[in-house]
>>> print(open('protein.csv').read())   # CSV, C-alpha atoms and all ligand atoms
chain,number,residue,atom,x,y,z
Y,1,MET,CA,-15.4,10.1,17.9
Y,2,ILE,CA,-14.3,11.7,14.6
Y,3,PRO,CA,-12.6,9.4,12.1
Y,4,LYS,CA,-8.8,9.6,12.1
Y,5,HIS,CA,-8.5,8.6,8.4
Y,6,VAL,CA,-11.1,9.6,5.8
Y,7,ALA,CA,-10.7,8.4,2.2
Y,8,ILE,CA,-12.9,9.7,-0.6
Y,9,ILE,CA,-13.8,8.3,-4.1
Y,10,MET,CA,-14.5,11.6,-5.8
Y,11,ASP,CA,-17.0,10.5,-8.4
Y,12,GLY,CA,-19.5,12.1,-10.7
Y,13,ASN,CA,-17.6,15.0,-12.4
Y,14,GLY,CA,-18.5,13.8,-15.9
Y,15,ARG,CA,-22.2,13.3,-15.1
Y,16,TRP,CA,-22.4,16.7,-13.3
Y,17,ALA,CA,-21.2,18.4,-16.5
Y,18,LYS,CA,-23.3,16.3,-18.8
Y,19,ASP,CA,-26.5,17.2,-16.8
Y,20,LYS,CA,-25.7,20.8,-17.5
Y,21,GLY,CA,-24.9,20.3,-21.2
Y,22,LEU,CA,-21.3,21.1,-20.6
Y,23,PRO,CA,-18.1,19.2,-21.6
Y,24,ARG,CA,-16.7,16.8,-19.0
Y,25,GLU,CA,-13.7,19.1,-18.3
Y,26,TYR,CA,-16.0,21.6,-16.6
Y,27,GLY,CA,-16.9,18.8,-14.2
Y,28,HIS,CA,-13.3,18.3,-13.4
Y,29,GLN,CA,-12.6,22.0,-13.0
Y,30,ASN,CA,-15.5,22.3,-10.6
Y,31,GLY,CA,-14.4,19.2,-8.9
Y,32,VAL,CA,-11.2,21.1,-7.9
Y,33,ASN,CA,-13.3,23.6,-6.0
Y,34,SER,CA,-14.8,20.7,-4.0
Y,35,VAL,CA,-11.3,19.4,-3.3
Y,36,LYS,CA,-10.3,22.7,-1.9
Y,37,SER,CA,-13.3,23.1,0.3
Y,38,ILE,CA,-13.3,19.5,1.6
Y,39,VAL,CA,-9.6,19.7,2.4
Y,40,GLU,CA,-10.3,22.9,4.4
Y,41,GLU,CA,-13.2,21.4,6.2
Y,42,ALA,CA,-11.4,18.2,7.0
Y,43,TYR,CA,-8.5,20.2,8.4
Y,44,LYS,CA,-10.8,22.4,10.5
Y,45,SER,CA,-12.6,19.3,11.9
Y,46,GLY,CA,-9.3,17.8,13.0
Y,47,ILE,CA,-9.2,14.9,10.7
Y,48,GLN,CA,-5.6,13.7,10.7
Y,49,TYR,CA,-5.5,11.8,7.4
Y,50,LEU,CA,-7.4,12.6,4.3
Y,51,THR,CA,-6.9,10.5,1.2
Y,52,LEU,CA,-8.4,11.4,-2.2
Y,53,TYR,CA,-8.7,9.1,-5.2
Y,54,ALA,CA,-7.7,11.6,-7.9
Y,55,PHE,CA,-6.7,9.3,-10.7
Y,56,SER,CA,-7.0,5.5,-10.9
Y,57,ILE,CA,-4.7,3.2,-12.9
Y,58,GLU,CA,-7.8,2.3,-15.0
Y,59,ASN,CA,-8.3,6.1,-15.8
Y,60,TRP,CA,-5.4,5.8,-18.2
Y,61,ASP,CA,-7.9,4.2,-20.6
Y,62,ARG,CA,-9.8,7.4,-20.9
Y,63,PRO,CA,-9.5,9.6,-24.0
Y,64,SER,CA,-6.1,11.3,-24.0
Y,65,ASP,CA,-7.6,14.8,-24.1
Y,66,GLU,CA,-9.4,14.1,-20.8
Y,67,ILE,CA,-6.2,12.7,-19.3
Y,68,ASN,CA,-4.3,15.7,-20.3
Y,69,ILE,CA,-6.9,18.1,-18.8
Y,70,LEU,CA,-6.8,16.1,-15.5
Y,71,MET,CA,-3.0,16.2,-15.4
Y,72,SER,CA,-2.9,19.9,-16.1
Y,73,LEU,CA,-5.5,20.6,-13.4
Y,74,LEU,CA,-3.5,18.6,-10.9
Y,75,VAL,CA,-0.3,20.5,-11.7
Y,76,SER,CA,-2.0,23.9,-11.6
Y,77,THR,CA,-4.0,23.2,-8.4
Y,78,LEU,CA,-0.8,22.0,-6.6
Y,79,ARG,CA,1.0,25.1,-7.8
Y,80,ASP,CA,-1.8,27.4,-6.7
Y,81,GLU,CA,-2.4,25.8,-3.4
Y,82,PHE,CA,1.2,25.2,-2.2
Y,83,ASP,CA,1.3,28.3,0.1
Y,84,GLU,CA,-2.0,27.4,1.7
Y,85,ILE,CA,-1.0,23.7,2.2
Y,86,PHE,CA,2.4,24.8,3.7
Y,87,ASP,CA,1.0,27.5,5.9
Y,88,LYS,CA,-1.7,25.3,7.3
Y,89,GLY,CA,0.9,22.7,8.3
Y,90,ILE,CA,-0.5,20.1,5.9
Y,91,LYS,CA,1.8,17.3,4.8
Y,92,LEU,CA,1.4,16.2,1.2
Y,93,ASN,CA,1.7,12.6,0.3
Y,94,ALA,CA,1.1,10.6,-3.0
Y,95,ILE,CA,0.4,7.0,-3.5
Y,96,GLY,CA,0.3,5.0,-6.7
Y,97,GLU,CA,2.6,4.5,-9.7
Y,98,ILE,CA,3.8,8.0,-9.4
Y,99,LYS,CA,6.7,7.4,-11.9
Y,100,SER,CA,4.1,6.9,-14.7
Y,101,LEU,CA,2.7,10.4,-14.3
Y,102,PRO,CA,3.8,13.3,-16.5
Y,103,LYS,CA,7.2,14.8,-15.5
Y,104,GLU,CA,5.8,18.2,-14.6
Y,105,LEU,CA,3.3,16.6,-12.2
Y,106,VAL,CA,6.0,14.4,-10.6
Y,107,SER,CA,8.3,17.3,-10.0
Y,108,GLU,CA,5.5,19.4,-8.5
Y,109,LEU,CA,4.6,16.6,-6.2
Y,110,ASP,CA,8.3,16.0,-5.3
Y,111,PHE,CA,8.7,19.7,-4.5
Y,112,ILE,CA,5.6,19.9,-2.2
Y,113,ILE,CA,6.1,16.5,-0.6
Y,114,ASN,CA,9.7,17.5,0.3
Y,115,LYS,CA,8.8,21.0,1.5
Y,116,THR,CA,5.9,19.8,3.7
Y,117,ARG,CA,7.5,16.6,5.0
Y,118,LYS,CA,7.8,18.0,8.6
Y,119,ASN,CA,4.2,19.2,8.8
Y,120,THR,CA,2.1,17.5,11.3
Y,121,LYS,CA,-1.4,19.0,11.3
Y,122,MET,CA,-3.0,16.8,8.6
Y,123,THR,CA,-1.6,14.3,6.0
Y,124,LEU,CA,-3.3,14.9,2.7
Y,125,THR,CA,-2.7,11.9,0.4
Y,126,LEU,CA,-3.4,12.0,-3.3
Y,127,ALA,CA,-3.9,8.6,-5.0
Y,128,LEU,CA,-2.6,9.0,-8.5
Y,129,SER,CA,-2.2,6.3,-11.1
Y,130,TYR,CA,-3.4,4.2,-8.2
Y,131,GLY,CA,-4.7,0.6,-8.1
Y,132,GLY,CA,-5.3,-1.4,-5.0
Y,133,LYS,CA,-4.6,-4.7,-6.7
Y,134,GLN,CA,-1.4,-3.4,-8.2
Y,135,GLU,CA,-0.3,-2.1,-4.8
Y,136,ILE,CA,-0.8,-5.5,-3.2
Y,137,PHE,CA,0.8,-7.3,-6.2
Y,138,ASN,CA,3.8,-4.9,-5.9
Y,139,ALA,CA,4.1,-5.6,-2.2
Y,140,ILE,CA,4.0,-9.4,-2.7
Y,141,LYS,CA,6.8,-9.1,-5.3
Y,142,ILE,CA,9.1,-7.2,-3.0
Y,143,ILE,CA,8.3,-9.4,0.0
Y,144,SER,CA,8.8,-12.6,-2.1
Y,145,ASN,CA,12.2,-11.3,-3.1
Y,146,LYS,CA,13.1,-10.6,0.5
Y,147,VAL,CA,12.0,-14.1,1.6
Y,148,LYS,CA,14.1,-15.6,-1.2
Y,149,ASN,CA,17.1,-13.6,0.0
Y,150,ASN,CA,16.5,-14.6,3.6
Y,151,LEU,CA,15.7,-11.0,4.6
Y,152,ILE,CA,12.3,-12.0,5.9
Y,153,GLU,CA,11.5,-15.3,7.6
Y,154,LEU,CA,8.3,-16.9,6.7
Y,155,ASN,CA,7.7,-17.8,10.4
Y,156,ASN,CA,7.7,-14.1,11.2
Y,157,PHE,CA,5.2,-13.2,8.5
Y,158,ASP,CA,2.3,-11.1,9.7
Y,159,ASP,CA,0.0,-8.1,8.9
Y,160,SER,CA,2.7,-5.6,9.7
Y,161,ILE,CA,5.0,-7.0,7.0
Y,162,ILE,CA,2.3,-6.5,4.3
Y,163,ASN,CA,1.5,-3.0,5.7
Y,164,SER,CA,5.1,-1.9,5.6
Y,165,HIS,CA,5.4,-2.8,1.9
Y,166,LEU,CA,2.3,-0.9,0.7
Y,167,TYR,CA,2.3,2.6,-0.7
Y,168,THR,CA,0.3,3.5,2.5
Y,169,LYS,CA,3.0,2.3,4.8
Y,170,ASN,CA,2.9,5.5,6.8
Y,171,LEU,CA,-0.9,5.8,7.0
Y,172,PRO,CA,-3.3,4.1,9.5
Y,173,ASP,CA,-6.1,2.0,8.1
Y,174,VAL,CA,-9.1,3.9,6.7
Y,175,ASP,CA,-11.9,4.6,9.3
Y,176,LEU,CA,-14.4,6.2,6.9
Y,177,LEU,CA,-14.6,5.7,3.1
Y,178,ILE,CA,-16.9,8.1,1.3
Y,179,ARG,CA,-18.1,7.7,-2.4
Y,180,THR,CA,-20.0,10.4,-4.1
Y,181,SER,CA,-22.3,10.2,-7.2
Y,182,GLY,CA,-24.6,7.3,-6.3
Y,183,GLU,CA,-22.3,4.4,-7.4
Y,184,GLN,CA,-21.8,1.8,-4.6
Y,185,ARG,CA,-18.5,0.1,-5.4
Y,186,ILE,CA,-14.9,0.3,-4.4
Y,187,SER,CA,-13.2,0.6,-7.8
Y,188,ASN,CA,-9.9,-0.9,-6.8
Y,189,PHE,CA,-9.3,1.7,-4.1
Y,190,LEU,CA,-7.3,0.9,-0.9
Y,191,LEU,CA,-8.4,-2.8,-0.9
Y,192,TRP,CA,-6.2,-3.9,2.0
Y,193,GLN,CA,-6.7,-0.7,4.0
Y,194,ILE,CA,-10.5,-0.7,4.0
Y,195,ALA,CA,-11.0,-4.2,5.6
Y,196,TYR,CA,-12.8,-2.6,8.5
Y,197,SER,CA,-13.8,0.8,7.2
Y,198,GLU,CA,-17.2,2.3,7.5
Y,199,LEU,CA,-18.7,2.9,4.1
Y,200,TYR,CA,-20.7,6.0,3.2
Y,201,PHE,CA,-22.4,6.5,-0.1
Y,202,THR,CA,-24.1,9.7,-1.3
Y,203,ASP,CA,-26.0,10.5,-4.5
Y,204,VAL,CA,-24.4,14.0,-4.7
Y,205,TYR,CA,-22.0,14.4,-7.6
Y,206,TRP,CA,-18.5,15.4,-6.5
Y,207,PRO,CA,-18.6,19.0,-7.9
Y,208,ASP,CA,-21.7,19.6,-5.7
Y,209,PHE,CA,-20.3,17.9,-2.6
Y,210,SER,CA,-20.3,20.6,0.0
Y,211,LYS,CA,-18.8,21.1,3.5
Y,212,ASP,CA,-22.3,20.3,4.8
Y,213,ASP,CA,-22.4,17.1,2.8
Y,214,PHE,CA,-19.0,16.2,4.3
Y,215,ASN,CA,-20.1,17.0,7.8
Y,216,LYS,CA,-23.2,14.8,7.3
Y,217,ALA,CA,-20.9,11.9,6.5
Y,218,ILE,CA,-18.9,12.6,9.6
Y,219,GLU,CA,-22.0,12.8,11.8
Y,220,ASN,CA,-23.2,9.5,10.3
Y,221,TYR,CA,-19.9,7.9,11.0
Y,222,LYS,CA,-20.2,8.9,14.7
Y,223,THR,CA,-23.4,6.9,15.0
Y,224,ARG,CA,-21.7,3.7,13.8
Y,225,GLU,CA,-20.8,1.0,16.2
Y,226,ARG,CA,-17.4,-0.4,15.2
Y,227,ARG,CA,-17.2,-3.8,16.5
Y,228,PHE,CA,-14.2,-5.3,14.5
Y,229,GLY,CA,-15.8,-8.7,14.8
Y,230,LYS,CA,-16.5,-8.5,18.6
Y,231,THR,CA,-19.9,-8.3,20.2
Y,232,SER,CA,-21.6,-5.1,21.2
Y,233,GLU,CA,-21.1,-6.0,24.9
Y,234,GLN,CA,-17.3,-6.3,24.4
Y,235,ILE,CA,-17.0,-2.8,23.0
B,1,LIG,C1,-14.4,11.0,-11.2
B,1,LIG,O1,-15.4,11.6,-12.0
B,1,LIG,C2,-13.3,11.9,-11.0
B,1,LIG,C3,-12.1,11.8,-11.5
B,1,LIG,C4,-11.7,10.6,-12.4
B,1,LIG,C5,-11.0,12.8,-11.3
B,1,LIG,C6,-11.0,13.5,-10.0
B,1,LIG,C7,-10.2,14.7,-10.1
B,1,LIG,C8,-10.5,15.9,-9.6
B,1,LIG,C9,-11.7,16.1,-8.7
B,1,LIG,C10,-9.7,17.1,-10.0
B,1,LIG,C11,-8.3,17.2,-9.5
B,1,LIG,C12,-8.0,16.7,-8.1
B,1,LIG,C13,-7.2,17.3,-7.2
B,1,LIG,C14,-6.8,16.5,-6.1
B,1,LIG,C15,-6.7,18.7,-7.4
B,1,LIG,P1,-15.8,10.9,-13.4
B,1,LIG,O2,-15.0,11.7,-14.4
B,1,LIG,O3,-15.5,9.5,-13.3
B,1,LIG,O4,-17.3,11.2,-13.5
B,1,LIG,P2,-18.4,10.3,-14.2
B,1,LIG,O5,-18.4,9.0,-13.5
B,1,LIG,O6,-19.7,11.1,-13.9
B,1,LIG,O7,-18.1,10.2,-15.6
>>> encode(input="protein.csv", output="structure tokens")
Amino acid sequence: MIPKHVAIIMDGNGRWAKDKGLPREYGHQNGVNSVKSIVEEAYKSGIQYLTLYAFSIENWDRPSDEINILMSLLVSTLRDEFDEIFDKGIKLNAIGEIKSLPKELVSELDFIINKTRKNTKMTLTLALSYGGKQEIFNAIKIISNKVKNNLIELNNFDDSIINSHLYTKNLPDVDLLIRTSGEQRISNFLLWQIAYSELYFTDVYWPDFSKDDFNKAIENYKTRERRFGKTSEQI
């Protein structure tokens, strides 16, 4: 079975550029081409939810020039790709501390999210200024307040209460998490939502990550036995 929800840590833009003796921004620019081709391939394959880690909350610590380049790339890509996203029936979604992003990016996101809200073919989620711990912390804060004000009873407390207070409240848990560039870590991405995800790591840098590489990850996923704690015989 193909995964319903694929999440990707798009890593290696900087190293890709460095290997070629180019400034890091070239890595990010070429990374945008991979984003376009992987969105298209995921859409064609019938993946219902694709979530891309485009900017982590920790990325704010990068040099301001690089941050500005990334933000401009996000704005221009969203602008250039709006028609395509809309025509394909893709619904755009964003998770993270969206308010902390530049105004221009926030309004571009608002515009597309609103225009595509009724689309049902695929949900494309961009994680921007996103941190998994911050997301959980934020949910705990809201829930604690509701408990204090008797809006939630501690006796009724379960998974679904946490789920419904996360940025990802409208998304199913992640089935397959892919990370490019050879690093094998989670980097504060979707901590709650990957509790039972299949993990796939590849050495390919994100700007080189092709449709074939993506399909290889999907094929690999299909060979996994997902037991969710049960025995093989129970599946
Ligand atoms: C990681 O590579 C990549 C990022 C921090 C940014 C990802 C952004 C894009 C691919 C472009 C815009 C995205 C969209 C959705 C249009 P790195 O810079 O950490 O690489 P390194 O680890 O080799 O230094």
>>> residues_near_ligand(input="protein.csv", ligand="ligand LIG 1 (chain B)", cutoff="7 Å", atoms="all atoms listed in the file", output="PyMOL selection string")
chain Y and resi 10-16+28-29+31-32+35+52-55+59+70+73-74+77-78+126
>>> closest_residue(input="protein.csv", among="Y:Phe228, Y:Tyr49, Y:Phe111, Y:Trp206", to="Val6 in chain Y", atoms="only C-alpha atoms")
Y:Tyr49
>>> closest_atom_pairs(input="protein.csv", of="range 67-116 of chain Y", to="range 152-168 of chain Y", cutoff="9 Å", atoms="all atoms listed in the file", output="JSON lines")
{"residue": "Y:Ala94", "atom": "CA", "partner": "Y:Tyr167", "partner_atom": "CA", "distance": 8.4}
{"residue": "Y:Ile95", "atom": "CA", "partner": "Y:Tyr167", "partner_atom": "CA", "distance": 5.6}
{"residue": "Y:Gly96", "atom": "CA", "partner": "Y:Tyr167", "partner_atom": "CA", "distance": 6.8}
>>> closest_residue(input="protein.csv", among="Y:Asn170, Y:Asn114, Y:Ser72, Y:Ser187", to="Glu25 in chain Y", atoms="all atoms listed in the file")
Y:Ser72
>>> closest_residue(input="protein.csv", among="Y:Leu124, Y:Val147, Y:Leu171, Y:Leu109", to="Glu40 in chain Y", atoms="only C-alpha atoms")
Y:Leu124
>>> closest_residue(input="protein.csv", among="Y:Leu151, Y:Leu199, Y:Ile67, Y:Val75", to="Val174 in chain Y", atoms="only C-alpha atoms")
Y:Leu199
>>> closest_residue(input="protein.csv", among="Y:Arg62, Y:Arg227, Y:Lys88, Y:Lys222", to="Thr120 in chain Y", atoms="all atoms listed in the file")
Y:Lys88
>>> closest_residue(input="protein.csv", among="Y:Leu101, Y:Ile9, Y:Ile178, Y:Ile140", to="Asn215 in chain Y", atoms="all atoms listed in the file")
Y:Ile178
>>> residues_around(input="protein.csv", residues="Gly46 in chain Y", least_positions_apart="5", cutoff="10 Å", atoms="all atoms listed in the file", output="list of chain:residue names")
Y:Ile2, Y:Pro3, Y:Lys4, Y:Glu41, Y:Lys121, Y:Met122
>>> atom_distance(input="protein.csv", atom1="CA of Pro23 in chain Y", atom2="CA of Val204 in chain Y")
18.8 Å
>>> atom_distance(input="protein.csv", atom1="CA of Lys118 in chain Y", atom2="CA of Phe86 in chain Y")
10.0 Å
>>> atom_distance(input="protein.csv", atom1="CA of Glu66 in chain Y", atom2="CA of Lys103 in chain Y")
17.4 Å
>>> decode(input="protein.csv", residues="range 146-162 of chain Y", atoms="N, CA, C and O atoms", output="compact mmCIF listing (two decimals), in the first residue's frame")
# COMPACT_ATOMS: atom_id res chain seq x y z
N LYS Y 146 -7.47 25.30 29.32
CA LYS Y 146 -8.84 24.78 29.19
C LYS Y 146 -9.20 23.92 30.41
O LYS Y 146 -10.34 23.94 30.87
N VAL Y 147 -8.21 23.17 30.92
CA VAL Y 147 -8.47 22.35 32.11
C VAL Y 147 -8.79 23.28 33.28
O VAL Y 147 -9.75 23.08 34.03
N LYS Y 148 -7.97 24.34 33.40
CA LYS Y 148 -8.15 25.30 34.49
C LYS Y 148 -9.54 25.92 34.46
O LYS Y 148 -10.17 26.16 35.48
N ASN Y 149 -10.00 26.18 33.23
CA ASN Y 149 -11.32 26.82 33.09
C ASN Y 149 -12.46 25.81 32.92
O ASN Y 149 -13.53 26.15 32.40
N ASN Y 150 -12.17 24.57 33.29
CA ASN Y 150 -13.18 23.48 33.22
C ASN Y 150 -13.74 23.24 31.83
O ASN Y 150 -14.87 22.78 31.68
N LEU Y 151 -12.97 23.56 30.80
CA LEU Y 151 -13.44 23.29 29.43
C LEU Y 151 -13.04 21.89 28.99
O LEU Y 151 -13.60 21.33 28.06
N ILE Y 152 -12.03 21.33 29.66
CA ILE Y 152 -11.63 19.94 29.42
C ILE Y 152 -11.54 19.26 30.78
O ILE Y 152 -10.97 19.83 31.71
N GLU Y 153 -12.11 18.06 30.88
CA GLU Y 153 -12.02 17.31 32.14
C GLU Y 153 -10.83 16.38 32.09
O GLU Y 153 -10.63 15.69 31.09
N LEU Y 154 -10.03 16.35 33.14
CA LEU Y 154 -8.85 15.49 33.14
C LEU Y 154 -9.21 14.04 32.91
O LEU Y 154 -8.47 13.30 32.26
N ASN Y 155 -10.38 13.62 33.38
CA ASN Y 155 -10.82 12.22 33.19
C ASN Y 155 -11.02 11.85 31.73
O ASN Y 155 -10.91 10.69 31.36
N ASN Y 156 -11.34 12.85 30.92
CA ASN Y 156 -11.60 12.57 29.50
C ASN Y 156 -10.37 12.74 28.64
O ASN Y 156 -10.44 12.74 27.42
N PHE Y 157 -9.23 12.94 29.30
CA PHE Y 157 -8.02 13.28 28.58
C PHE Y 157 -7.48 12.07 27.80
O PHE Y 157 -7.29 11.01 28.35
N ASP Y 158 -7.29 12.24 26.49
CA ASP Y 158 -6.70 11.16 25.69
C ASP Y 158 -5.91 11.73 24.51
O ASP Y 158 -5.82 12.94 24.35
N ASP Y 159 -5.37 10.83 23.68
CA ASP Y 159 -4.60 11.20 22.48
C ASP Y 159 -5.27 12.28 21.64
O ASP Y 159 -4.63 13.20 21.16
N SER Y 160 -6.59 12.07 21.47
CA SER Y 160 -7.29 12.93 20.52
C SER Y 160 -7.30 14.39 21.01
O SER Y 160 -7.34 15.32 20.20
N ILE Y 161 -7.23 14.57 22.31
CA ILE Y 161 -7.20 15.96 22.83
C ILE Y 161 -5.87 16.61 22.44
O ILE Y 161 -5.82 17.76 22.01
N ILE Y 162 -4.79 15.86 22.57
CA ILE Y 162 -3.49 16.42 22.16
C ILE Y 162 -3.51 16.67 20.65
O ILE Y 162 -3.18 17.77 20.19
